[in-house]
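**Student:** Got structure36.tsv for you, TSV, C-alpha atoms:
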```
chain	number	residue	atom	x	y	z
A	1	MET	CA	-4.18	-28.78	-6.60
A	2	GLY	CA	-3.53	-25.09	-7.23
A	3	THR	CA	-4.72	-23.12	-10.19
A	4	ARG	CA	-3.03	-20.99	-12.80
A	5	ASP	CA	-5.03	-17.98	-13.88
A	6	LYS	CA	-5.13	-16.87	-17.53
A	7	ARG	CA	-5.08	-13.27	-16.30
A	8	VAL	CA	-1.62	-13.97	-14.86
A	9	ASP	CA	-0.52	-15.34	-18.25
A	10	ALA	CA	-1.72	-12.06	-19.78
A	11	TYR	CA	-0.04	-10.00	-17.02
A	12	ILE	CA	3.30	-11.69	-17.72
A	13	ALA	CA	2.87	-11.41	-21.50
A	14	LYS	CA	2.27	-7.65	-21.37
A	15	SER	CA	5.20	-7.02	-18.98
A	16	ALA	CA	8.52	-5.61	-20.16
A	17	ASP	CA	10.89	-8.12	-21.77
A	18	PHE	CA	13.28	-8.14	-18.79
A	19	ALA	CA	10.35	-8.92	-16.44
A	20	LYS	CA	8.94	-11.96	-18.24
A	21	PRO	CA	11.64	-14.44	-17.12
A	22	VAL	CA	11.58	-12.99	-13.58
A	23	LEU	CA	7.81	-13.35	-13.21
A	24	THR	CA	7.78	-16.80	-14.83
A	25	TYR	CA	10.55	-17.97	-12.50
A	26	ILE	CA	8.81	-16.65	-9.38
A	27	ARG	CA	5.51	-18.19	-10.49
A	28	ASP	CA	7.12	-21.60	-10.98
A	29	VAL	CA	8.91	-21.47	-7.62
A	30	VAL	CA	5.69	-20.51	-5.80
A	31	HIS	CA	3.81	-23.42	-7.39
A	32	GLU	CA	6.65	-25.80	-6.59
A	33	GLY	CA	6.75	-24.67	-2.95
A	34	CYS	CA	2.96	-24.60	-2.59
A	35	PRO	CA	1.31	-26.75	-5.27
A	36	GLU	CA	-2.13	-25.83	-3.86
A	37	ALA	CA	-1.62	-22.09	-4.48
A	38	ALA	CA	-4.28	-20.36	-6.55
A	39	GLU	CA	-3.37	-17.34	-8.63
A	40	THR	CA	-5.41	-14.19	-8.92
A	41	ILE	CA	-5.04	-10.52	-9.72
A	42	LYS	CA	-5.36	-8.37	-6.60
A	43	TRP	CA	-4.67	-4.65	-6.45
A	44	SER	CA	-3.65	-4.84	-10.15
A	45	HIS	CA	-0.80	-7.25	-9.36
A	46	VAL	CA	-0.35	-11.01	-9.21
A	47	SER	CA	-1.33	-12.59	-5.91
A	48	PHE	CA	-0.91	-16.20	-4.82
A	49	GLN	CA	-3.53	-17.51	-2.41
A	50	TYR	CA	-3.50	-20.53	-0.12
A	51	LYS	CA	-5.76	-20.34	2.91
A	52	GLY	CA	-5.35	-16.58	2.66
A	53	ILE	CA	-2.86	-14.39	0.84
A	54	LEU	CA	0.49	-16.15	0.51
A	55	CYS	CA	2.63	-13.81	-1.57
A	56	GLY	CA	2.54	-11.52	-4.57
A	57	MET	CA	4.60	-10.22	-7.45
A	58	ALA	CA	4.47	-7.19	-9.69
A	59	ALA	CA	6.22	-5.77	-12.74
A	60	PHE	CA	7.02	-2.13	-13.31
A	61	LYS	CA	8.85	-0.27	-16.08
A	62	GLU	CA	12.34	-1.01	-14.80
A	63	HIS	CA	12.02	-3.62	-12.06
A	64	CYS	CA	9.86	-6.35	-10.54
A	65	THR	CA	8.92	-6.94	-6.92
A	66	PHE	CA	8.08	-10.04	-4.94
A	67	GLY	CA	6.98	-10.28	-1.34
A	68	PHE	CA	5.17	-12.33	1.26
A	69	TRP	CA	2.03	-11.24	3.07
A	70	LYS	CA	3.56	-12.28	6.40
A	71	HIS	CA	7.04	-11.13	5.44
A	72	ASP	CA	8.24	-10.45	8.98
A	73	LEU	CA	7.60	-14.10	9.82
A	74	VAL	CA	8.95	-15.50	6.54
A	75	VAL	CA	11.88	-13.57	5.07
A	76	ASP	CA	15.30	-13.48	6.75
A	77	ALA	CA	16.46	-9.99	7.68
A	78	ALA	CA	19.54	-10.43	5.45
A	79	ASP	CA	17.31	-10.84	2.38
A	80	ARG	CA	14.96	-7.94	3.14
A	81	SER	CA	15.17	-4.68	1.30
A	82	ASP	CA	13.06	-1.55	1.48
A	83	GLU	CA	14.12	-0.42	-2.01
A	84	ALA	CA	10.82	-1.45	-3.55
A	85	MET	CA	7.28	-2.54	-2.74
A	86	GLY	CA	8.15	-6.23	-2.11
A	87	GLN	CA	10.53	-7.25	0.63
A	88	LEU	CA	13.18	-8.58	-1.75
A	89	GLY	CA	14.07	-5.24	-3.34
A	90	ARG	CA	14.20	-4.23	-6.99
A	91	ILE	CA	14.41	-7.35	-9.14
A	92	THR	CA	15.58	-7.06	-12.76
A	93	LYS	CA	16.67	-10.68	-13.33
A	94	PRO	CA	16.12	-14.02	-11.58
A	95	GLY	CA	19.65	-13.77	-10.15
A	96	ASP	CA	18.56	-10.79	-8.02
A	97	LEU	CA	16.43	-13.16	-5.95
A	98	PRO	CA	17.69	-15.40	-3.13
A	99	SER	CA	18.73	-18.89	-4.24
A	100	LYS	CA	15.97	-21.21	-5.42
A	101	LYS	CA	16.48	-23.37	-2.33
A	102	LYS	CA	15.98	-20.37	-0.03
A	103	LEU	CA	13.04	-19.03	-2.06
A	104	LEU	CA	11.34	-22.44	-1.89
A	105	ALA	CA	11.92	-22.48	1.87
A	106	TYR	CA	10.24	-19.06	2.15
A	107	VAL	CA	7.23	-20.22	0.12
A	108	LYS	CA	6.91	-23.37	2.25
A	109	LYS	CA	7.17	-21.31	5.44
A	110	ALA	CA	4.45	-18.92	4.23
A	111	ARG	CA	2.29	-21.94	3.33
A	112	GLU	CA	2.80	-23.43	6.80
A	113	LEU	CA	1.89	-20.16	8.52
A	114	ASN	CA	-1.36	-19.96	6.53
A	115	GLU	CA	-2.17	-23.60	7.28
A	116	LYS	CA	-1.77	-22.92	10.99
A	117	GLY	CA	-3.84	-19.75	10.75
A	118	ILE	CA	-1.04	-17.57	12.10
A	119	LYS	CA	-1.82	-13.90	11.48
A	120	ALA	CA	0.62	-11.28	10.32
A	121	ALA	CA	1.62	-8.86	13.03
A	122	LYS	CA	-0.05	-5.49	12.60
A	123	PRO	CA	2.34	-2.56	12.74
A	124	ALA	CA	1.82	-0.38	15.75
A	125	SER	CA	0.09	2.80	14.71
A	126	LYS	CA	1.80	5.97	15.73
A	127	ALA	CA	-0.55	8.53	17.18
A	128	LYS	CA	-0.13	11.87	15.47
A	129	PRO	CA	0.20	14.94	17.65
A	130	PRO	CA	-2.83	17.23	17.77
A	131	VAL	CA	-3.03	19.54	14.77
A	132	GLU	CA	-2.34	23.23	15.27
A	133	PRO	CA	-4.52	25.38	12.99
A	134	PRO	CA	-2.61	28.29	11.41
A	135	ALA	CA	-3.45	31.85	12.45
A	136	ASP	CA	-5.15	32.71	9.14
A	137	LEU	CA	-7.51	29.73	9.46
A	138	LEU	CA	-8.36	30.65	13.06
A	139	ALA	CA	-9.05	34.26	11.99
A	140	ALA	CA	-11.30	33.10	9.13
A	141	LEU	CA	-13.18	30.72	11.45
A	142	LYS	CA	-13.72	33.56	13.96
A	143	LYS	CA	-15.61	35.44	11.26
A	144	ASN	CA	-17.88	32.49	10.39
A	145	LYS	CA	-19.70	30.91	13.34
A	146	LYS	CA	-21.07	27.92	11.36
A	147	ALA	CA	-17.64	27.05	9.99
A	148	ARG	CA	-16.03	27.43	13.45
A	149	THR	CA	-18.66	25.20	15.07
A	150	THR	CA	-18.13	22.54	12.38
A	151	PHE	CA	-14.35	22.71	12.70
A	152	GLU	CA	-14.49	22.44	16.49
A	153	GLY	CA	-16.77	19.39	16.20
A	154	PHE	CA	-14.51	17.60	13.71
A	155	SER	CA	-12.44	14.56	14.61
A	156	PRO	CA	-8.66	15.16	14.78
A	157	SER	CA	-8.22	13.55	11.35
A	158	ASN	CA	-10.85	15.82	9.74
A	159	LYS	CA	-9.18	18.87	11.26
A	160	ARG	CA	-5.79	17.64	10.07
A	161	GLU	CA	-7.04	17.20	6.48
A	162	TYR	CA	-8.13	20.84	6.28
A	163	VAL	CA	-5.06	22.23	8.02
A	164	GLU	CA	-2.63	20.22	5.88
A	165	TRP	CA	-4.47	21.18	2.69
A	166	ILE	CA	-4.18	24.86	3.56
A	167	VAL	CA	-0.58	24.92	4.80
A	168	GLU	CA	0.72	22.78	1.92
A	169	ALA	CA	-0.26	25.42	-0.64
A	170	LYS	CA	2.81	26.52	-2.56
A	171	THR	CA	1.71	30.10	-3.24
A	172	ASP	CA	-0.11	32.67	-1.15
A	173	GLU	CA	-2.79	32.92	-3.84
A	174	THR	CA	-3.46	29.17	-3.64
A	175	ARG	CA	-3.47	29.32	0.16
A	176	GLN	CA	-6.06	32.12	0.19
A	177	ARG	CA	-8.24	30.26	-2.31
A	178	ARG	CA	-8.06	27.07	-0.23
A	179	LEU	CA	-8.77	28.99	2.95
A	180	ALA	CA	-11.92	30.52	1.45
A	181	GLN	CA	-13.02	27.14	0.09
A	182	ALA	CA	-12.39	25.46	3.44
A	183	VAL	CA	-14.49	28.01	5.33
A	184	GLU	CA	-17.30	27.66	2.77
A	185	TRP	CA	-17.33	23.86	3.03
A	186	MET	CA	-17.12	23.88	6.81
A	187	ALA	CA	-20.02	26.36	6.98
A	188	GLU	CA	-21.98	23.71	5.05
A	189	GLY	CA	-20.86	21.04	7.58
A	190	LYS	CA	-18.59	19.27	5.08
A	191	PRO	CA	-15.31	17.54	5.88
A	192	ARG	CA	-12.39	18.19	3.52
A	193	ASN	CA	-12.91	15.05	1.43
A	194	TRP	CA	-16.71	15.15	1.42
A	195	LYS	CA	-16.82	14.47	-2.34
A	196	TYR	CA	-15.47	10.96	-1.79
A	197	MET	CA	-17.84	9.93	0.98
```
Translate this structure into structure tokens?

**Tutor:**
Amino acid sequence: MGTRDKRVDAYIAKSADFAKPVLTYIRDVVHEGCPEAAETIKWSHVSFQYKGILCGMAAFKEHCTFGFWKHDLVVDAADRSDEAMGQLGRITKPGDLPSKKKLLAYVKKARELNEKGIKAAKPASKAKPPVEPPADLLAALKKNKKARTTFEGFSPSNKREYVEWIVEAKTDETRQRRLAQAVEWMAEGKPRNWKYM
């Protein structure tokens, strides 16, 4: 038998008034379609678990979302939307969802996939082209051997983080400040996001 989590009760209670019936409806349909589902809070949103992540729902200021972990294997293309985080688009009332019959079928399909241990397909990662350092960064690195050696030894992603940080500056003053900071950090052997490591 599945479990209902008091944290989910609290999540629904603190949601906007329009969201409460939407979240309650989704919750009831999930438990009807997969009585063994256990609720939890994951990534600050409601998650339903059954032999792995089954599906999840969330409420925002003006809409709710609902989606399946293995959405490509569960949800019909006609029902998919990329308007919001979940695959079923921006939901403001229960009527924005597919019919109860269809929603139950989706929950049962997701349950079956988890029972069989079928994994979600991982999206193919797109390799980014090599990063081209701007001329002002190259000139600054020429003047500082330690920084140049560090930059040349960086992985492509570490190089990209510095280059993007510098070129995304909105003013020349900000760009010059970032350039000086980047050279200083690289001379110390630090990647761009060293503070978070």

**Student:** Considering only C-alpha atoms, state which residue in the set A:Lys102, A:Arg192, A:Arg177, A:Lys119 is at the smallest distance from Val30 (chain A).

**Tutor:** A:Lys102

**Student:** Quick one: residues within 8 Å of Lys93 (chain A), only C-alpha atoms, excluding same-chain residues fewer than 2 positions away - as number ranges by chain?

**Tutor:** A: 18-19, 21-22, 91, 95-97

**Student:** Determine, counting all atoms listed in the file, which protein, DNA and RNA residues have an atom within 6 Å of an atom of Thr150 (chain A); residues of the same chain fewer than 2 positions away are not included. Present the result as a VMD selection string.

**Tutor:** chain A and resid 147 to 148 152 to 153 186 189

**Student:** List as a short mmCIF file (atom, residue, chain, number, x, y, z; two decimals) with C-alpha atoms, keeping the file's coordinate frame the protein and nucleic acid residues near Gly56 (chain A), meaning an atom at most 9 Å away when all atoms listed in the file are counted, but skip any in the same chain fewer than 6 places from it.

**Tutor:**
```
data_model
loop_
_atom_site.label_atom_id
_atom_site.label_comp_id
_atom_site.auth_asym_id
_atom_site.auth_seq_id
_atom_site.Cartn_x
_atom_site.Cartn_y
_atom_site.Cartn_z
CA LYS A 42 -5.36 -8.37 -6.60
CA HIS A 45 -0.80 -7.25 -9.36
CA VAL A 46 -0.35 -11.01 -9.21
CA SER A 47 -1.33 -12.59 -5.91
CA PHE A 48 -0.91 -16.20 -4.82
CA GLN A 49 -3.53 -17.51 -2.41
CA THR A 65 8.92 -6.94 -6.92
CA PHE A 66 8.08 -10.04 -4.94
CA GLY A 67 6.98 -10.28 -1.34
CA PHE A 68 5.17 -12.33 1.26
CA TRP A 69 2.03 -11.24 3.07
CA GLY A 86 8.15 -6.23 -2.11
#
```

**Student:** Need the shell around His31 (chain A): protein/DNA/RNA residues with any atom at most 12 Å away, counting all atoms listed in the file. Skip same-chain ones fewer than 4 positions apart. Format as a short mmCIF file (atom, residue, chain, number, x, y, z; two decimals) with C-alpha atoms, in the coordinates of the input?

**Tutor:**
```cif
data_model
loop_
_atom_site.label_atom_id
_atom_site.label_comp_id
_atom_site.auth_asym_id
_atom_site.auth_seq_id
_atom_site.Cartn_x
_atom_site.Cartn_y
_atom_site.Cartn_z
CA MET A 1 -4.18 -28.78 -6.60
CA GLY A 2 -3.53 -25.09 -7.23
CA THR A 3 -4.72 -23.12 -10.19
CA ARG A 4 -3.03 -20.99 -12.80
CA THR A 24 7.78 -16.80 -14.83
CA TYR A 25 10.55 -17.97 -12.50
CA ILE A 26 8.81 -16.65 -9.38
CA ARG A 27 5.51 -18.19 -10.49
CA PRO A 35 1.31 -26.75 -5.27
CA GLU A 36 -2.13 -25.83 -3.86
CA ALA A 37 -1.62 -22.09 -4.48
CA ALA A 38 -4.28 -20.36 -6.55
CA GLU A 39 -3.37 -17.34 -8.63
CA PHE A 48 -0.91 -16.20 -4.82
CA GLN A 49 -3.53 -17.51 -2.41
CA TYR A 50 -3.50 -20.53 -0.12
CA LEU A 54 0.49 -16.15 0.51
CA CYS A 55 2.63 -13.81 -1.57
CA LEU A 103 13.04 -19.03 -2.06
CA LEU A 104 11.34 -22.44 -1.89
CA VAL A 107 7.23 -20.22 0.12
CA LYS A 108 6.91 -23.37 2.25
CA ARG A 111 2.29 -21.94 3.33
#
```

**Student:** Go through A:Pro156, A:Ala110, A:Lys146, A:Gly52 one by one, measure the shortest atom-to-atom distance of each to Pro129 (chain A) using all atoms listed in the file, and give the residue with the smallest value.

**Tutor:**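 Distance minimum relative to Pro129 (chain A) lands on A:Pro156.
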
**Student:** Have a look at A:Ser44, A:Ser157, A:Asn193, A:Gln176 and name the one nearest to Ala127 (chain A); count only C-alpha atoms.

**Tutor:**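 Among A:Ser44, A:Ser157, A:Asn193, A:Gln176, it is A:Ser157 that comes nearest to Ala127 (chain A).
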
**Student:** So that I can check the surroundings of Lys190 (chain A), please list as a list of chain:residue names every protein, DNA and RNA residue that reaches within 12 Å of it, counting all atoms listed in the file and ignoring chain neighbours fewer than 3 positions away.

**Tutor:**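 Using all atoms listed in the file, the neighbours found are A:Lys146, A:Ala147, A:Arg148, A:Thr149, A:Thr150, A:Phe151, A:Gly153, A:Phe154, A:Asn158, A:Lys159, A:Glu161, A:Tyr162, A:Gln181, A:Ala182, A:Val183, A:Glu184, A:Trp185, A:Met186, A:Ala187, A:Asn193, A:Trp194, A:Lys195, A:Tyr196, A:Met197.
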
**Student:** Enter the distance from CA of Gly117 (chain A) to CA of Gln87 (chain A), in Å, rounded to one decimal.

**Tutor:**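 Spanning CA of Gly117 (chain A) to CA of Gln87 (chain A) is a straight-line distance of 21.6 Å.
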
**Student:** Go through A:Leu73, A:Val131, A:Ala169, A:Leu141 and flag the residue nearest Ser155 (chain A), using only C-alpha atoms for the distances.

**Tutor:** A:Val131

**Student:** When distances are computed from all atoms listed in the file, which of A:Val74, A:Ile118, A:Leu179, A:Ile12 shows the smallest separation from Val163 (chain A)?

**Tutor:** A:Leu179

**Student:** So how far away is CA of Pro98 (chain A) from CA of Asp76 (chain A), in Å?

**Tutor:**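 Separation of CA of Asp76 (chain A) and CA of Pro98 (chain A): 10.3 Å.
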
**Student:** Rounded to one decimal, what separation in Å do you get between CA of Arg7 (chain A) and CA of Asp28 (chain A)?

**Tutor:**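 Distance between the two atoms: 15.7 Å.
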
**Student:** Nearest to Leu23 (chain A): which of A:Lys128, A:Arg178, A:Lys6, A:His63 is it, counting all atoms listed in the file?

**Tutor:** A:His63

**Student:** Box in all listed atoms of region 99-112 of chain A, axis-aligned, with 6 Å more on each side; write out centre and edge lengths in Å to one decimal as JSON.

**Tutor:**
```
{"center_x": 10.5, "center_y": -21.2, "center_z": 0.7, "size_x": 28.4, "size_y": 16.5, "size_z": 24.2}
```
